$ cat model30.txt   # compact mmCIF, C-alpha atoms
# COMPACT_ATOMS: atom_id res chain seq x y z
CA MET A 1 -24.37 54.77 -69.86
CA ASP A 2 -24.44 52.34 -66.91
CA GLN A 3 -24.09 55.25 -64.50
CA PHE A 4 -27.31 56.81 -65.84
CA LEU A 5 -29.04 53.43 -65.89
CA PHE A 6 -28.44 52.73 -62.21
CA ALA A 7 -28.38 56.17 -60.60
CA ALA A 8 -30.67 59.13 -61.22
CA PRO A 9 -30.21 62.70 -59.94
CA PHE A 10 -31.75 63.61 -56.60
CA SER A 11 -35.29 64.90 -56.72
CA ALA A 12 -37.60 65.76 -53.85
CA LEU A 13 -40.60 64.06 -55.47
CA PRO A 14 -39.08 60.54 -55.75
CA THR A 15 -37.75 60.84 -52.20
CA PHE A 16 -41.18 61.84 -50.88
CA ALA A 17 -42.82 59.03 -52.85
CA ALA A 18 -40.25 56.58 -51.44
CA ALA A 19 -41.10 57.72 -47.91
CA LEU A 20 -44.81 57.03 -48.47
CA PHE A 21 -44.03 53.70 -50.11
CA GLY A 22 -41.74 52.81 -47.21
CA LEU A 23 -44.49 53.55 -44.68
CA LEU A 24 -46.86 51.21 -46.51
CA ILE A 25 -44.22 48.50 -46.79
CA GLY A 26 -43.45 48.99 -43.11
CA SER A 27 -47.03 48.05 -42.30
CA PHE A 28 -46.56 44.87 -44.33
CA LEU A 29 -43.20 44.20 -42.66
CA ASN A 30 -44.98 44.13 -39.30
CA VAL A 31 -47.01 41.22 -40.66
CA VAL A 32 -43.91 39.50 -42.05
CA ILE A 33 -42.02 39.88 -38.76
CA HIS A 34 -44.91 38.42 -36.77
CA ARG A 35 -46.10 35.69 -39.11
CA MET A 36 -43.12 34.33 -41.02
CA PRO A 37 -41.52 32.60 -38.00
CA LYS A 38 -44.90 31.12 -37.08
CA MET A 39 -45.42 29.91 -40.65
CA LEU A 40 -42.02 28.20 -40.67
CA GLU A 41 -42.67 26.64 -37.26
CA ARG A 42 -46.02 25.26 -38.45
CA GLU A 43 -44.42 23.85 -41.62
CA PHE A 44 -41.73 22.17 -39.52
CA GLU A 45 -44.24 20.64 -37.12
CA ASN A 46 -46.35 19.32 -40.00
CA ALA A 47 -43.26 17.89 -41.69
CA CYS A 48 -42.27 16.12 -38.46
CA ALA A 49 -45.79 14.67 -38.09
CA GLU A 50 -45.75 13.47 -41.69
CA HIS A 51 -42.33 11.89 -41.18
CA VAL A 52 -43.63 9.67 -38.37
CA GLY A 53 -46.87 8.89 -40.18
CA LYS A 54 -49.17 11.14 -38.15
CA GLU A 55 -51.83 13.60 -39.24
CA PRO A 56 -50.71 17.21 -39.76
CA VAL A 57 -50.62 19.24 -36.57
CA HIS A 58 -51.93 22.36 -38.33
CA THR A 59 -54.68 22.13 -40.94
CA ASP A 60 -55.91 25.73 -41.03
CA THR A 61 -54.62 28.26 -43.56
CA TYR A 62 -51.98 30.56 -42.13
CA THR A 63 -50.12 32.83 -44.55
CA LEU A 64 -49.00 36.44 -44.76
CA SER A 65 -52.50 37.39 -45.91
CA VAL A 66 -54.77 34.82 -44.23
CA PRO A 67 -56.30 35.11 -41.66
CA ARG A 68 -56.95 38.84 -41.38
CA SER A 69 -54.99 40.71 -38.74
CA ALA A 70 -56.81 40.88 -35.43
CA CYS A 71 -56.33 42.08 -31.88
CA PRO A 72 -54.64 39.28 -29.88
CA HIS A 73 -56.71 40.21 -26.81
CA CYS A 74 -60.29 40.40 -28.08
CA GLY A 75 -60.06 39.12 -31.67
CA HIS A 76 -61.29 42.39 -33.19
CA LYS A 77 -60.58 42.30 -36.94
CA ILE A 78 -58.36 45.17 -38.06
CA THR A 79 -60.11 47.24 -40.73
CA ALA A 80 -58.38 49.06 -43.58
CA LEU A 81 -58.89 52.43 -41.86
CA GLU A 82 -57.32 51.05 -38.69
CA ASN A 83 -54.29 49.88 -40.67
CA VAL A 84 -53.10 53.21 -42.09
CA PRO A 85 -49.39 53.47 -41.20
CA VAL A 86 -48.66 55.60 -38.11
CA ILE A 87 -51.83 57.71 -38.50
CA SER A 88 -54.15 54.92 -37.33
CA TYR A 89 -51.99 54.38 -34.25
CA LEU A 90 -52.21 58.07 -33.38
CA VAL A 91 -55.97 58.29 -34.03
CA LEU A 92 -56.58 55.19 -31.90
CA ARG A 93 -54.19 56.60 -29.26
CA GLY A 94 -52.28 53.35 -29.25
CA LYS A 95 -55.27 51.24 -28.18
CA CYS A 96 -57.43 48.56 -29.77
CA ARG A 97 -60.72 49.96 -31.02
CA GLY A 98 -62.58 46.95 -29.67
CA CYS A 99 -61.21 46.29 -26.18
CA LYS A 100 -58.91 49.32 -25.61
CA ALA A 101 -55.94 47.04 -24.96
CA PRO A 102 -52.62 48.81 -25.65
CA ILE A 103 -51.04 48.38 -29.09
CA SER A 104 -47.28 48.02 -29.09
CA ALA A 105 -45.45 51.18 -30.15
CA ARG A 106 -43.12 48.94 -32.14
CA TYR A 107 -45.64 48.78 -34.99
CA PRO A 108 -45.57 52.50 -35.88
CA ALA A 109 -41.83 52.57 -35.09
CA ILE A 110 -41.16 49.93 -37.76
CA GLU A 111 -43.39 51.82 -40.21
CA LEU A 112 -41.50 55.06 -39.58
CA LEU A 113 -38.14 53.30 -39.81
CA SER A 114 -39.17 51.76 -43.13
CA GLY A 115 -40.31 55.13 -44.50
CA VAL A 116 -37.08 56.86 -43.48
CA THR A 117 -34.96 54.00 -44.85
CA ALA A 118 -36.67 53.99 -48.26
CA ALA A 119 -36.48 57.78 -48.55
CA TRP A 120 -32.82 57.87 -47.50
CA MET A 121 -31.86 55.22 -50.04
CA ILE A 122 -33.57 57.09 -52.89
CA TRP A 123 -32.07 60.38 -51.73
CA GLN A 124 -28.61 58.80 -51.53
CA PHE A 125 -28.61 56.70 -54.69
CA GLY A 126 -31.26 58.33 -56.90
CA SER A 127 -34.45 56.91 -58.35
CA GLY A 128 -32.76 54.51 -60.78
CA TRP A 129 -32.13 50.82 -60.25
CA ALA A 130 -29.43 51.46 -57.66
CA GLY A 131 -31.79 53.51 -55.49
CA LEU A 132 -34.67 51.07 -55.85
CA GLY A 133 -32.36 48.16 -55.11
CA ALA A 134 -30.93 49.91 -52.06
CA ALA A 135 -34.46 50.57 -50.76
CA VAL A 136 -35.34 46.88 -51.08
CA PHE A 137 -32.02 46.02 -49.41
CA GLY A 138 -32.77 48.25 -46.42
CA LEU A 139 -36.37 47.10 -46.01
CA MET A 140 -35.39 43.43 -46.06
CA LEU A 141 -32.72 44.07 -43.43
CA ILE A 142 -35.34 45.69 -41.20
CA ALA A 143 -37.53 42.58 -41.39
CA MET A 144 -34.60 40.26 -40.67
CA THR A 145 -33.41 42.39 -37.75
CA PHE A 146 -36.68 42.20 -35.86
CA ILE A 147 -37.29 38.54 -36.67
CA ASP A 148 -33.85 37.70 -35.30
CA LEU A 149 -34.44 39.83 -32.20
CA ASP A 150 -37.73 38.00 -31.56
CA THR A 151 -36.73 34.45 -32.43
CA GLN A 152 -32.92 34.33 -32.90
CA TYR A 153 -33.63 32.97 -36.36
CA LEU A 154 -32.90 34.33 -39.83
CA PRO A 155 -35.24 32.71 -42.39
CA ASP A 156 -33.83 31.40 -45.66
CA ASP A 157 -36.90 32.95 -47.27
CA LEU A 158 -35.27 36.35 -46.65
CA THR A 159 -31.51 35.78 -46.58
CA LEU A 160 -31.29 33.81 -49.84
CA PRO A 161 -33.44 36.19 -51.94
CA LEU A 162 -31.32 39.07 -50.60
CA LEU A 163 -28.18 37.25 -51.73
CA TRP A 164 -29.51 36.57 -55.23
CA LEU A 165 -30.80 40.14 -55.58
CA GLY A 166 -27.33 41.41 -54.70
CA LEU A 167 -25.75 39.34 -57.45
CA LEU A 168 -28.41 40.34 -59.97
CA ILE A 169 -28.17 44.09 -59.31
CA ASN A 170 -24.38 43.89 -59.64
CA ILE A 171 -24.52 42.33 -63.10
CA ARG A 172 -24.09 45.90 -64.36
CA GLY A 173 -21.97 47.01 -61.40
CA ALA A 174 -24.49 48.98 -59.35
CA PHE A 175 -22.53 48.66 -56.11
CA ALA A 176 -19.66 46.32 -56.99
CA THR A 177 -18.33 44.47 -60.00
CA LEU A 178 -19.93 41.07 -60.54
CA PRO A 179 -16.68 39.14 -59.81
CA ASP A 180 -16.26 41.11 -56.56
CA ALA A 181 -19.90 40.39 -55.65
CA VAL A 182 -19.51 36.65 -56.28
CA LEU A 183 -16.32 36.57 -54.22
CA GLY A 184 -18.06 38.61 -51.54
CA ALA A 185 -20.92 36.12 -51.31
CA ALA A 186 -18.56 33.14 -51.06
CA ALA A 187 -16.15 34.82 -48.63
CA GLY A 188 -18.97 36.17 -46.45
CA TYR A 189 -20.38 32.70 -45.94
CA LEU A 190 -17.05 30.93 -45.48
CA VAL A 191 -15.63 33.45 -43.00
CA LEU A 192 -18.41 33.05 -40.45
CA TRP A 193 -18.67 29.33 -41.15
CA GLY A 194 -14.97 29.02 -40.32
CA VAL A 195 -15.27 31.11 -37.16
CA ASN A 196 -18.18 28.97 -36.00
CA ALA A 197 -16.27 25.77 -36.80
CA LEU A 198 -13.36 26.90 -34.61
CA PHE A 199 -15.73 27.94 -31.83
CA LYS A 200 -17.47 24.58 -31.98
CA LEU A 201 -14.12 22.80 -31.86
CA VAL A 202 -13.18 24.63 -28.66
CA ARG A 203 -16.54 25.00 -26.88
CA LYS A 204 -18.30 21.91 -28.30
CA MET A 205 -21.28 24.06 -29.31
CA ASP A 206 -22.31 26.38 -32.14
CA GLY A 207 -21.44 30.03 -31.63
CA MET A 208 -23.87 31.32 -34.26
CA GLY A 209 -26.55 30.06 -36.60
CA GLY A 210 -26.37 29.31 -40.31
CA GLY A 211 -28.60 32.30 -41.00
CA ASP A 212 -25.74 34.60 -39.96
CA PHE A 213 -23.48 32.96 -42.56
CA LYS A 214 -26.08 33.53 -45.27
CA LEU A 215 -26.74 37.13 -44.22
CA LEU A 216 -23.04 38.04 -44.43
CA ALA A 217 -22.89 36.25 -47.78
CA ALA A 218 -25.78 38.44 -48.94
CA LEU A 219 -24.01 41.59 -47.75
CA GLY A 220 -20.91 40.49 -49.63
CA ALA A 221 -23.00 39.94 -52.75
CA TRP A 222 -24.30 43.50 -52.55
CA MET A 223 -21.06 45.32 -51.75
CA GLY A 224 -18.24 43.03 -52.83
CA TRP A 225 -15.62 41.26 -50.81
CA GLN A 226 -13.71 44.50 -50.12
CA MET A 227 -16.35 45.74 -47.65
CA LEU A 228 -16.51 42.51 -45.62
CA PRO A 229 -13.71 43.46 -43.17
CA ALA A 230 -15.50 46.72 -42.33
CA ILE A 231 -18.87 44.95 -41.90
CA ILE A 232 -17.37 42.25 -39.67
CA LEU A 233 -15.47 44.83 -37.60
CA LEU A 234 -18.48 47.11 -37.11
CA SER A 235 -20.86 44.29 -36.23
CA SER A 236 -18.37 42.57 -33.91
CA VAL A 237 -17.57 45.73 -31.96
CA VAL A 238 -21.23 46.60 -31.43
CA GLY A 239 -22.08 42.98 -30.61
CA ALA A 240 -19.25 42.78 -28.08
CA VAL A 241 -20.32 46.01 -26.38
CA VAL A 242 -23.95 44.85 -26.15
CA GLY A 243 -22.94 41.40 -24.93
CA ILE A 244 -20.65 42.74 -22.21
CA SER A 245 -23.32 45.24 -21.16
CA LEU A 246 -25.91 42.49 -20.83
CA MET A 247 -23.55 40.44 -18.67
CA MET A 248 -22.70 43.41 -16.45
CA PHE A 249 -26.06 45.12 -16.08
CA ALA A 250 -28.70 42.50 -16.93
CA GLY A 251 -27.06 39.58 -15.17
CA ASN A 252 -26.90 37.40 -18.28
CA GLY A 253 -24.36 34.58 -18.23
CA ARG A 254 -21.63 33.88 -20.76
CA ASP A 255 -23.74 31.15 -22.35
CA THR A 256 -26.68 33.48 -23.05
CA ARG A 257 -27.35 33.52 -26.80
CA ILE A 258 -27.40 36.96 -28.39
CA PRO A 259 -28.68 37.34 -31.97
CA PHE A 260 -25.88 38.52 -34.26
CA GLY A 261 -28.12 39.26 -37.24
CA PRO A 262 -29.16 42.77 -36.10
CA TYR A 263 -25.52 43.82 -35.79
CA LEU A 264 -24.69 42.42 -39.22
CA ALA A 265 -27.73 44.19 -40.67
CA GLY A 266 -26.81 47.51 -39.07
CA ALA A 267 -23.21 47.23 -40.22
CA GLY A 268 -24.41 46.35 -43.71
CA MET A 269 -26.62 49.45 -43.85
CA LEU A 270 -23.74 51.67 -42.75
CA ALA A 271 -21.39 50.03 -45.24
CA LEU A 272 -23.79 50.63 -48.13
CA LEU A 273 -24.52 54.24 -47.20
CA PHE A 274 -20.95 55.25 -46.38
CA ARG A 275 -18.87 53.05 -48.65
CA PRO A 276 -16.39 55.73 -49.82
CA GLU A 277 -15.85 57.09 -46.31
CA ILE A 278 -15.38 53.63 -44.78
CA ALA A 279 -13.05 52.60 -47.60
CA THR A 280 -10.95 55.74 -47.09
CA LEU A 281 -10.88 55.25 -43.33
CA MET A 282 -9.66 51.67 -43.72
CA GLY A 283 -7.16 52.58 -46.42
CA MET A 284 -8.99 50.54 -49.03
CA TYR A 285 -9.25 51.24 -52.73
CA PHE A 286 -12.64 52.53 -53.82
CA ASN A 287 -13.56 52.86 -57.48
CA PRO A 288 -14.99 56.37 -57.99
CA GLY A 289 -16.62 55.25 -61.21
CA GLN A 290 -19.24 53.27 -59.30
CA PRO A 291 -22.51 55.16 -58.62
CA VAL A 292 -22.64 56.30 -55.00
$ encode --input "model30.txt" --output "structure tokens"
Amino acid sequence: MDQFLFAAPFSALPTFAAALFGLLIGSFLNVVIHRMPKMLEREFENACAEHVGKEPVHTDTYTLSVPRSACPHCGHKITALENVPVISYLVLRGKCRGCKAPISARYPAIELLSGVTAAWMIWQFGSGWAGLGAAVFGLMLIAMTFIDLDTQYLPDDLTLPLLWLGLLINIRGAFATLPDAVLGAAAGYLVLWGVNALFKLVRKMDGMGGGDFKLLAALGAWMGWQMLPAIILLSSVVGAVVGISLMMFAGNGRDTRIPFGPYLAGAGMLALLFRPEIATLMGMYFNPGQPV
């Protein structure tokens, strides 16, 4: 019964619908990626001003929906027709309608990535709760990846909901048993916390931020503690290769901070999509009764 509740057979129609939905969400993720760090920074600055008895630094409304999106060069307000995922970018030829300033290709790229991710998750896990949950999982990781790349910060507003969603979806064992998910959340946090504590003891500085601890905890909540070694190995190898490459070819020093969140997110996506294969490769036990 649980298998039918969480996983539905593959169908082209749900996959196509997921792709369209992912494109639309991708457009919203562009707003989240740009505005959420600014919102948190403004809240922090206002809190600091209040703490010392000063007037708030920011008094205007700034949320994910207010003010309307506008061109940063000329202030042209983006209309609904100019905000159609991917298509608007192509029609406008990658330029602002008002001042013809170039629009970053990252916007349609994130929209396409979101559409592909949502469709792949539904194709892989079906249109039941497992597939819908996996789509949300992937889309949230996309937002966190680009925020971390831009700011080297992983907001609690994203990492903590992802953790709780992982525990909730595993109440009926969608991707792991609930005990394994709880252990995965605790172990994911404590492992990176311990690594950072040792690093700080030796180097007298933090090696990573608390957001990385919470993100790995969230990944553990989704896939159980058994997948944590694979996630840590995959993310560490890729992170080490990128870090060494930056030192060799970009001239970055050893103390240059490199965001670890994108590597954790990428490893988490691979671990969710290829759980049986990764488990077999690492000689781990994988329960074939779980929907995959």
$ closest_residue --input "model30.txt" --among "A:Ala181, A:Ile171, A:Ala134, A:Ala186" --to "Leu272 of chain A" --atoms "only C-alpha atoms"
A:Ala134
$ residues_around --input "model30.txt" --residues "Val86 of chain A" --least-positions-apart "5" --cutoff "9 Å" --atoms "only C-alpha atoms" --output "ChimeraX atom specification"
/A:23,27,91,107-109,111-112
$ residues_around --input "model30.txt" --residues "Asn30 of chain A" --least-positions-apart "2" --cutoff "10 Å" --atoms "all atoms listed in the file" --output "VMD selection string"
chain A and resid 25 to 28 32 to 35 106 to 111 142 to 143 146 to 147
$ closest_residue --input "model30.txt" --among "A:Gly268, A:Gly131, A:Gly22, A:Gly210" --to "Thr145 of chain A" --atoms "only C-alpha atoms"
A:Gly268
$ closest_residue --input "model30.txt" --among "A:Cys48, A:Ala230, A:Ile169, A:Ala130" --to "Thr280 of chain A" --atoms "all atoms listed in the file"
A:Ala230
$ closest_residue --input "model30.txt" --among "A:Gly166, A:Ala267, A:Lys204, A:Trp120" --to "Met227 of chain A" --atoms "all atoms listed in the file"
A:Ala267
$ residues_around --input "model30.txt" --residues "Leu92 of chain A" --least-positions-apart "5" --cutoff "10 Å" --atoms "all atoms listed in the file" --output "count of residues only"
6
$ atom_distance --input "model30.txt" --atom1 "atom CA of Ala218 of chain A" --atom2 "atom CA of Thr159 of chain A"
6.7 Å
$ axis_aligned_box --input "model30.txt" --around "segment 155-165 of chain A" --padding-each-side "8 Å" --output "lines of an AutoDock Vina configuration file"
center_x = -32.5
center_y = 35.8
center_z = -49.0
size_x = 24.7
size_y = 24.7
size_z = 29.2
$ atom_distance --input "model30.txt" --atom1 "atom CA of Gly207 of chain A" --atom2 "atom CA of Leu149 of chain A"
16.3 Å
$ atom_distance --input "model30.txt" --atom1 "atom CA of Phe274 of chain A" --atom2 "atom CA of Val237 of chain A"
17.6 Å
$ residues_around --input "model30.txt" --residues "Lys214 of chain A" --least-positions-apart "3" --cutoff "10 Å" --atoms "all atoms listed in the file" --output "PyMOL selection string"
chain A and resi 154-156+158-160+162-163+185-186+188-190+192-193+209-211+217-220
$ closest_residue --input "model30.txt" --among "A:Pro179, A:Pro276, A:Gly261, A:Gly184" --to "Val238 of chain A" --atoms "only C-alpha atoms"
A:Gly261
$ closest_residue --input "model30.txt" --among "A:Leu178, A:Ala187, A:Cys71, A:Ile244" --to "Lys95 of chain A" --atoms "all atoms listed in the file"
A:Cys71
$ residues_around --input "model30.txt" --residues "Ala19 of chain A" --least-positions-apart "3" --cutoff "6 Å" --atoms "only C-alpha atoms" --output "PyMOL selection string"
chain A and resi 16+22+115+118-119
$ residues_near_point --input "model30.txt" --point "(-38.7, 29.6, -33.3)" --cutoff "10 Å" --atoms "all atoms listed in the file" --output "list in words"
Pro37, Lys38, Met39, Leu40, Glu41, Arg42, Ile147, Asp148, Asp150, Thr151, Gln152, Tyr153 and Leu154 of chain A
